[in-house]
Amino acid sequence: MQISEAWLRTYINPAISTEQLVGQLTMAGLEVDAVTPAAAVFSGVVVGVVVAMQQHPDADRLRVCQVDVGTDETLQIVCGASNVRVGLKIPAALCGAVLPGDFKIKKSKLRGVESFGMLCSEKELGLAAEAQGLMELADDAPVGTDIREYLSLNDQLIEVDLTPNRADCLSVEGLAREVAVLNQMDWSTTAISIVPVSLTNALDVTVTATDACPRYLGRLISGVNAKAETPLWMQERLRRSGLRSLGPLVDVTNYVLLELGQPLHVFDADKLAGGITVRWGLPDESLSLLNGQTITLDDAALVIADDQKALALAGIMGGSETAVSDDTQNVFLECAFFSPLAIAGKARRFGLHTDSSHRFERGVDASLQNRAIERATQLIIELAGGSVGPISEVTTTTALPQRPAVTLRKIRIEKILGVALNDELVTDIFQRLGMQVQAIADGWQITPPGFRFDIAIEADLIEELARIYGYNKLPSSSLLMRSALSPATEAVLDLDRIKDLLVDRGYQEAITYSFVDDDIQKAVAPDSEVVRLKNPISSELAVMRTTLWCGLLKAALYNTNRQHTRVRLFETGLRFVNQDGNTHQQKMLAGLALGAAYNEQWGVATRKIDFFDIKADLQALFDLSNAKVTYQAAPQPALHPGQSAEILDAQGRSMGWLGMLHPNLEKQLGFETPVFLFELDQHLVLEKRIPAFKPLSKYPSVRRDLALIVAEDVLVSELVECIKASGGANLQEVNVFDIYRGKGVDDGHKSVALSLILQDDTQTLTDTEIDATVSGLLNQLTTKMNAKLRD
């Protein structure tokens with residue numbers, strides 16, 4: 001929220017500098033993001049009035065003006081603005097003035113006519129990005145007064161970054177209350193004059209959605225002048241709060257929003273059909289909004305309607321069909337309290353975010369509506385005239401938010417803050433914050449005001465004391481912790497060791513959001529049941545991920561789009577699985593690799609990474625825990641049908657998946673090179689098989705090589721398992737060192753060369769024993785695998 005310091009100081013003006021004020025707000029939990037000047041730097045500009053004007057002799061678009069700037073003589077100034085006229089009061093830059101951009105005003109000649117200054121627009125003074133003509137000042141502007149003084153331009157704009165729980169400070173009054181409390185000063189709220197009712201006309205108001213709208217007020221105002229000029233002081237306050245002037249009717253509602261924190265809306269009454277109804281939307285009902293957007297409603301959207309159609313999206317934005325215009329003569333002024341739960345997430349659902357929804361989502365004081373509608377009525381009558389009708393009010397008291405008293409114990413204050421505060425100070429702080437305080441035996445019963453939605457428990461009250469008393473006044477002490485170091489188990493591998501290994505192998509750790517885009521989630525894991533967020537930050541972060549691949553793929557694509565052709569990423573984090581209506585969190589380890597197998601170099605020919613490169617990375621990881629795993633070909637929706645494998649541990653439990661990204665997904669996501677992925681159950685990966693000591697045999701080992709012809713569909717892993725199962729106690733190792741297809745091998749077959757390491761712990765093996773072992777193996781391989789020795 002951005003406000004004018006000068007506006008704030010009309011409520012409360014402590015004798016402190018801007019820097020001190022900003023420091024106070026920040027230390028009180030209202031962090032100030034920025035402080036900027038209200039206007040660009042310029043000097044030598046005063047209020048002037050055009051007293052005479054004639055056509056330039058040599059230029060159709062120029063006028064020669066005589067301007068009174070409060071000196072003994074008028075100044076002759078040549079001006080080309082279309083709105084210059086006799087009697088107009090304008091900013092006049094004198095000779096010697098310096099305008100924004102270090103533009104110096106000097107005596108000059110325009111088409112042969114001398115000009116002793118310059119008449120200025122808002123753009124030339126740095127007060128607006130664009131301007132259609134000269135800046136027109138009020139008729140009562142004092143001639144000769146410095147324009148910076150007249151417009152209070154020696155002001156600062158304070159941008160406060162409020163946390164969602166401090167909606168009470170989304171107004172000038174709210175911030176004034178905080179400043180008054182911090183400086184122990186008295187202050188007064190805005191003085192509101194009740195405008196006498198002069199009309200009997202009123203619209204019938206019906207509220208069917210009483211839980212969502214416990215209070216609704218409205219009144220008719222007839223005979224307004226929508227073309228009236230909004231006074232400069234109001235335009236400036238709106239501008240300094242980041243809003244532009246849109247005419248007196250809309251300006252008043254925006255002004256009261258900033259002043260009191262209560263959103264209002266004004267309808268063109270002549271465009272309404274019948275009475276006003278606050279109801280839920282109807283299926284397929286459409287509404288054209290003020291921003292030109294047309295939305296389709298349903299029964300989850302709260303709307304303001306007349307007898308024929310929806311008029312506005314309640315608490316968010318009005319409709320274009322009933323918007324006020326320069327031709328508006330009669331208006332219906334609306335002021336309501338909408339439940340935060342009824343508004344939360346609705347604006348974002350339709351791609352909107354408005355000042356109104358920002359406040360209603362966080363909570364507006366349910367007792368503020370009468371003050372706000374009277375204040376808006378007062379300002380509309382002052383600016384645009386008109387006659388006022390009675391207020392139509394519908395209130396459902398039982399649906400209004402309740403503020404139960406919260407007990408605060410004296411002993412808890414000292415225990416948590418480390419300092420004892422006297423009773424008078426505690427009472428004074430809470431009373432200045434607008435709370436009702438009642439003393440009890442061991443503390444206080446404190447009832448929060450309607451504008452404080454964030455006070456619910458004792459800790460909230462203690463937080464208020466801490467921030468008003470001053471965090472920097474609280475004592476500080478070093479924490480002392482006594483704890484016994486628990487023994488580290490050898491059965492669990494340290495996660496950091498795995499991370500170090502992956503980094504050593506060229507990967508970089510990534511951290512991605514746990515909530516992802518629904519589209520990429522469906523593409524990567526179409527069969528998974530997702531957990532949807534009720535109030536997502538954006539549509540791109542709407543569901544909880546069921547796989548870490550969603551974030552890694554997005555990160556990899558971001559890098560490849562920025563000319564990084566070799567990407568290695570890994571991530572450890574949670575995935576969220578919805579099972580039987582319950583959400584389960586599972587710790588996972590996932591990785592991604594694409595591009596060249598090695599960084600560009602002279603020693604190795606450049607080649608793309610393949611399935612076996614990433615498999616080697618995983619095997620190095622499993623070697624850390626002495627895990628015995630198998631890779632079993634299996635289909636996975638996100639992976640290539642011919643290059644995907646499920647990884648199983650020694651007990652047959654699924655540890656995860658490894659493979660190449662499916663070609664359809666690769667094309668859909670925009671990758672131009674194959675992407676290889678893995679994802680593992682972190683719990684199973686960290687299980688470590690404790691090594692057992694085995695003494696070295698003092699007898700020699702023997703190697704025998706076999707070249708086996710097997711069918712193409714026989715897996716090498718099946719051959720190895722068969723040999724290990726049939727080799728007996730003397731078989732120590734089985735290694736594959738060659739696979740051959742080609743001349744000498746029938747089509748549909750392959751030659752697999754293996755080395756067998758045989759060794760006995762009690763004796764030296766004889767040739768007869770070795771031959772018997774090998775012969776037995778060959779018989780088993782022939783029987784089970786239809787394998788035969790290669791000639």
# chains A, B, ... in the order shown; residues from 1 in each chain; ligands from 1

$ residues_around --residues "Lys615 of chain A" --least-positions-apart "6" --cutoff "9 Å" --atoms "only C-alpha atoms" --output "VMD selection string"
chain A and resid 658 to 659 678

$ residues_around --residues "Val736 of chain A" --least-positions-apart "6" --cutoff "8 Å" --atoms "only C-alpha atoms" --output "PyMOL selection string"
chain A and resi 752-755

$ residues_around --residues "segment 573-580 of chain A" --least-positions-apart "3" --cutoff "8 Å" --atoms "only C-alpha atoms" --output "short mmCIF file (atom, residue, chain, number, x, y, z; two decimals) with N, CA and C atoms, in the first residue's frame"
data_model
loop_
_atom_site.label_atom_id
_atom_site.label_comp_id
_atom_site.auth_asym_id
_atom_site.auth_seq_id
_atom_site.Cartn_x
_atom_site.Cartn_y
_atom_site.Cartn_z
N SER A 514 6.78 -27.09 -4.65
CA SER A 514 6.02 -28.31 -4.41
C SER A 514 4.68 -28.26 -5.13
N SER A 528 -2.04 -40.21 -11.96
CA SER A 528 -1.95 -39.87 -10.53
C SER A 528 -3.13 -38.99 -10.12
N GLU A 529 -3.65 -39.25 -8.92
CA GLU A 529 -4.69 -38.40 -8.35
C GLU A 529 -4.01 -37.28 -7.57
N VAL A 530 -4.28 -36.05 -7.95
CA VAL A 530 -3.54 -34.92 -7.40
C VAL A 530 -4.29 -34.27 -6.25
N VAL A 531 -3.54 -33.52 -5.44
CA VAL A 531 -4.10 -32.70 -4.38
C VAL A 531 -4.17 -31.27 -4.91
N MET A 544 -0.50 -29.94 -6.08
CA MET A 544 0.72 -30.46 -5.44
C MET A 544 1.32 -31.54 -6.34
N ARG A 545 2.61 -31.54 -6.46
CA ARG A 545 3.28 -32.45 -7.38
C ARG A 545 3.21 -33.89 -6.88
N THR A 546 3.03 -34.82 -7.79
CA THR A 546 3.12 -36.24 -7.47
C THR A 546 4.46 -36.81 -7.91
N THR A 547 5.25 -36.00 -8.57
CA THR A 547 6.61 -36.39 -8.98
C THR A 547 7.47 -35.15 -9.04
N LEU A 548 8.73 -35.29 -8.68
CA LEU A 548 9.67 -34.17 -8.73
C LEU A 548 10.06 -33.82 -10.16
N THR A 583 -3.91 -37.45 2.07
CA THR A 583 -2.70 -36.99 1.39
C THR A 583 -1.47 -37.56 2.09
N HIS A 584 -0.65 -38.26 1.34
CA HIS A 584 0.58 -38.85 1.88
C HIS A 584 1.79 -38.13 1.29
N GLN A 585 2.76 -37.83 2.14
CA GLN A 585 3.99 -37.18 1.71
C GLN A 585 5.10 -38.23 1.66
N GLN A 586 5.84 -38.23 0.57
CA GLN A 586 6.91 -39.20 0.40
C GLN A 586 8.18 -38.48 -0.03
N LYS A 587 9.27 -38.74 0.69
CA LYS A 587 10.54 -38.13 0.35
C LYS A 587 11.14 -38.83 -0.86
N MET A 588 11.55 -38.02 -1.84
CA MET A 588 12.06 -38.57 -3.09
C MET A 588 13.40 -37.94 -3.45
N LEU A 589 14.14 -38.64 -4.29
CA LEU A 589 15.37 -38.14 -4.89
C LEU A 589 15.21 -38.29 -6.40
#

$ closest_residue --among "A:Pro196, A:Pro142, A:Pro448, A:Gly470" --to "Ala28 of chain A" --atoms "only C-alpha atoms"
A:Gly470

$ residues_around --residues "Gly70 of chain A" --least-positions-apart "6" --cutoff "9 Å" --atoms "only C-alpha atoms" --output "list in words"
Val46, Val47, Gly48, Pro142, Val143, Gly144 and Thr145 of chain A

$ residues_around --residues "Asp649 of chain A" --least-positions-apart "3" --cutoff "6 Å" --atoms "only C-alpha atoms" --output "NGL selection string"
:A and (629 or 652-653)

$ select_by_dssp --residues "segment 708-754 of chain A" --states "strand (DSSP E or B)" --output "number ranges by chain"
A: 708-711, 731-740, 749-754

$ residues_around --residues "Val67 of chain A" --least-positions-apart "5" --cutoff "6 Å" --atoms "only C-alpha atoms" --output "PyMOL selection string"
chain A and resi 49-51+74-75

$ residues_around --residues "segment 290-297 of chain A" --least-positions-apart "4" --cutoff "9 Å" --atoms "only C-alpha atoms" --output "list of chain:residue names"
A:Trp280, A:Gly281, A:Leu282, A:Pro283, A:Asp284, A:Glu285, A:Ser286, A:Ala301, A:Leu302, A:Val303, A:Met317, A:Gly318, A:Gly319, A:Ser320, A:Glu321, A:Ala323, A:Phe350

$ write_last_selection --atoms "all heavy atoms" --output "compact mmCIF listing (two decimals), in the first residue's frame"
# COMPACT_ATOMS: atom_id res chain seq x y z
N TRP A 280 -25.84 -15.96 -4.83
CA TRP A 280 -24.82 -16.74 -5.51
C TRP A 280 -25.12 -16.77 -7.01
O TRP A 280 -26.29 -16.66 -7.41
CB TRP A 280 -24.75 -18.17 -4.97
CG TRP A 280 -24.32 -18.23 -3.54
CD1 TRP A 280 -25.10 -18.50 -2.46
CD2 TRP A 280 -23.00 -17.99 -3.03
NE1 TRP A 280 -24.36 -18.45 -1.30
CE2 TRP A 280 -23.06 -18.14 -1.62
CE3 TRP A 280 -21.78 -17.66 -3.62
CZ2 TRP A 280 -21.95 -17.96 -0.81
CZ3 TRP A 280 -20.67 -17.49 -2.81
CH2 TRP A 280 -20.76 -17.64 -1.42
N GLY A 281 -24.11 -16.89 -7.80
CA GLY A 281 -24.28 -16.90 -9.24
C GLY A 281 -25.07 -18.10 -9.71
O GLY A 281 -25.19 -19.12 -9.02
N LEU A 282 -25.59 -18.01 -10.93
CA LEU A 282 -26.34 -19.10 -11.55
C LEU A 282 -25.44 -19.82 -12.55
O LEU A 282 -24.53 -19.22 -13.12
CB LEU A 282 -27.57 -18.55 -12.26
CG LEU A 282 -28.55 -17.73 -11.40
CD1 LEU A 282 -29.67 -17.18 -12.26
CD2 LEU A 282 -29.10 -18.58 -10.26
N PRO A 283 -25.65 -21.10 -12.78
CA PRO A 283 -24.83 -21.84 -13.75
C PRO A 283 -24.88 -21.18 -15.13
O PRO A 283 -25.96 -20.83 -15.62
CB PRO A 283 -25.46 -23.23 -13.77
CG PRO A 283 -26.13 -23.36 -12.44
CD PRO A 283 -26.62 -21.98 -12.09
N ASP A 284 -23.69 -20.98 -15.72
CA ASP A 284 -23.54 -20.41 -17.07
C ASP A 284 -24.03 -18.97 -17.17
O ASP A 284 -24.23 -18.45 -18.28
CB ASP A 284 -24.26 -21.27 -18.11
CG ASP A 284 -23.69 -22.67 -18.19
OD1 ASP A 284 -22.46 -22.81 -18.00
OD2 ASP A 284 -24.46 -23.62 -18.41
N GLU A 285 -24.24 -18.29 -16.05
CA GLU A 285 -24.60 -16.88 -16.07
C GLU A 285 -23.36 -16.07 -16.42
O GLU A 285 -22.26 -16.35 -15.92
CB GLU A 285 -25.14 -16.47 -14.71
CG GLU A 285 -25.67 -15.05 -14.64
CD GLU A 285 -26.26 -14.73 -13.27
OE1 GLU A 285 -25.93 -15.46 -12.29
OE2 GLU A 285 -27.05 -13.78 -13.17
N SER A 286 -23.49 -15.07 -17.28
CA SER A 286 -22.34 -14.28 -17.70
C SER A 286 -22.40 -12.88 -17.12
O SER A 286 -23.48 -12.37 -16.78
CB SER A 286 -22.26 -14.20 -19.23
OG SER A 286 -23.37 -13.50 -19.74
N ALA A 301 -19.73 -18.24 -7.09
CA ALA A 301 -19.40 -16.82 -7.26
C ALA A 301 -20.51 -15.97 -6.64
O ALA A 301 -21.68 -16.11 -7.00
CB ALA A 301 -19.24 -16.48 -8.74
N LEU A 302 -20.13 -15.09 -5.72
CA LEU A 302 -21.09 -14.20 -5.08
C LEU A 302 -21.28 -12.97 -5.96
O LEU A 302 -20.31 -12.34 -6.40
CB LEU A 302 -20.58 -13.78 -3.70
CG LEU A 302 -21.54 -12.98 -2.82
CD1 LEU A 302 -22.73 -13.85 -2.42
CD2 LEU A 302 -20.81 -12.47 -1.57
N VAL A 303 -22.54 -12.62 -6.23
CA VAL A 303 -22.81 -11.51 -7.14
C VAL A 303 -23.83 -10.55 -6.53
O VAL A 303 -24.60 -10.91 -5.64
CB VAL A 303 -23.34 -12.01 -8.50
CG1 VAL A 303 -22.33 -12.88 -9.20
CG2 VAL A 303 -24.67 -12.74 -8.35
N MET A 317 -15.30 -6.62 -8.36
CA MET A 317 -15.35 -5.64 -9.45
C MET A 317 -16.79 -5.49 -9.94
O MET A 317 -17.56 -6.45 -9.97
CB MET A 317 -14.46 -6.07 -10.63
CG MET A 317 -14.37 -5.04 -11.75
SD MET A 317 -13.27 -5.55 -13.10
CE MET A 317 -11.66 -5.34 -12.32
N GLY A 318 -17.14 -4.26 -10.32
CA GLY A 318 -18.46 -3.99 -10.86
C GLY A 318 -18.59 -4.39 -12.31
O GLY A 318 -17.62 -4.70 -12.99
N GLY A 319 -19.84 -4.35 -12.79
CA GLY A 319 -20.11 -4.70 -14.17
C GLY A 319 -20.14 -3.47 -15.06
O GLY A 319 -20.45 -2.35 -14.62
N SER A 320 -19.84 -3.68 -16.33
CA SER A 320 -19.77 -2.55 -17.27
C SER A 320 -21.15 -2.02 -17.64
O SER A 320 -21.30 -0.85 -17.97
CB SER A 320 -19.02 -2.98 -18.53
OG SER A 320 -19.67 -4.08 -19.16
N GLU A 321 -22.17 -2.88 -17.59
CA GLU A 321 -23.50 -2.45 -18.05
C GLU A 321 -24.13 -1.42 -17.14
O GLU A 321 -24.98 -0.64 -17.56
CB GLU A 321 -24.42 -3.67 -18.18
CG GLU A 321 -24.00 -4.64 -19.28
CD GLU A 321 -24.98 -5.78 -19.45
OE1 GLU A 321 -26.13 -5.64 -18.97
OE2 GLU A 321 -24.60 -6.81 -20.04
N ALA A 323 -22.22 0.68 -15.13
CA ALA A 323 -21.17 1.62 -14.71
C ALA A 323 -21.64 3.06 -14.90
O ALA A 323 -22.42 3.37 -15.80
CB ALA A 323 -19.91 1.37 -15.51
N PHE A 350 -10.75 -15.80 -11.46
CA PHE A 350 -11.10 -15.14 -12.71
C PHE A 350 -9.95 -14.29 -13.25
O PHE A 350 -10.15 -13.46 -14.15
CB PHE A 350 -12.34 -14.27 -12.52
CG PHE A 350 -13.59 -15.04 -12.19
CD1 PHE A 350 -14.14 -14.99 -10.92
CD2 PHE A 350 -14.20 -15.83 -13.15
CE1 PHE A 350 -15.29 -15.71 -10.61
CE2 PHE A 350 -15.36 -16.55 -12.85
CZ PHE A 350 -15.91 -16.49 -11.57

$ select_by_dssp --residues "segment 89-325 of chain A" --states "alpha helix (DSSP H)" --output "number ranges by chain"
A: 147-150, 172-182, 232-240, 248-260

$ write_last_selection --atoms "C-alpha atoms" --output "PDB file, in the first residue's frame"
ATOM      1  CA  ILE A 147       3.525  25.620  -6.796  1.00  0.00           C
ATOM      2  CA  ARG A 148       5.368  23.091  -4.612  1.00  0.00           C
ATOM      3  CA  GLU A 149       3.963  24.786  -1.529  1.00  0.00           C
ATOM      4  CA  TYR A 150       0.464  25.147  -2.997  1.00  0.00           C
ATOM      5  CA  VAL A 172      -4.718   6.051   6.121  1.00  0.00           C
ATOM      6  CA  GLU A 173      -6.775   5.875   9.326  1.00  0.00           C
ATOM      7  CA  GLY A 174      -5.337   2.446  10.106  1.00  0.00           C
ATOM      8  CA  LEU A 175      -1.746   3.633   9.710  1.00  0.00           C
ATOM      9  CA  ALA A 176      -2.529   6.796  11.693  1.00  0.00           C
ATOM     10  CA  ARG A 177      -3.759   4.617  14.558  1.00  0.00           C
ATOM     11  CA  GLU A 178      -0.466   2.706  14.547  1.00  0.00           C
ATOM     12  CA  VAL A 179       1.651   5.859  14.470  1.00  0.00           C
ATOM     13  CA  ALA A 180      -0.384   7.346  17.322  1.00  0.00           C
ATOM     14  CA  VAL A 181       0.133   4.227  19.445  1.00  0.00           C
ATOM     15  CA  LEU A 182       3.865   4.089  18.697  1.00  0.00           C
ATOM     16  CA  LEU A 232      -7.207  19.063  -7.038  1.00  0.00           C
ATOM     17  CA  TRP A 233      -6.525  18.081  -3.422  1.00  0.00           C
ATOM     18  CA  MET A 234      -8.440  14.825  -3.882  1.00  0.00           C
ATOM     19  CA  GLN A 235      -6.844  14.125  -7.258  1.00  0.00           C
ATOM     20  CA  GLU A 236      -3.408  14.595  -5.707  1.00  0.00           C
ATOM     21  CA  ARG A 237      -4.116  12.285  -2.785  1.00  0.00           C
ATOM     22  CA  LEU A 238      -5.386   9.634  -5.187  1.00  0.00           C
ATOM     23  CA  ARG A 239      -2.378  10.100  -7.470  1.00  0.00           C
ATOM     24  CA  ARG A 240       0.025   9.768  -4.582  1.00  0.00           C
ATOM     25  CA  PRO A 248     -16.074  12.588  -9.040  1.00  0.00           C
ATOM     26  CA  LEU A 249     -18.310   9.555  -8.428  1.00  0.00           C
ATOM     27  CA  VAL A 250     -15.609   6.910  -8.810  1.00  0.00           C
ATOM     28  CA  ASP A 251     -13.005   9.163  -7.197  1.00  0.00           C
ATOM     29  CA  VAL A 252     -15.105   9.417  -4.020  1.00  0.00           C
ATOM     30  CA  THR A 253     -15.398   5.631  -3.662  1.00  0.00           C
ATOM     31  CA  ASN A 254     -11.636   5.238  -4.214  1.00  0.00           C
ATOM     32  CA  TYR A 255     -10.913   8.036  -1.767  1.00  0.00           C
ATOM     33  CA  VAL A 256     -13.031   6.491   1.003  1.00  0.00           C
ATOM     34  CA  LEU A 257     -11.389   3.135   0.291  1.00  0.00           C
ATOM     35  CA  LEU A 258      -7.972   4.690   0.974  1.00  0.00           C
ATOM     36  CA  GLU A 259      -9.150   6.880   3.829  1.00  0.00           C
ATOM     37  CA  LEU A 260     -11.194   4.364   5.852  1.00  0.00           C
TER      38      LEU A 260
END
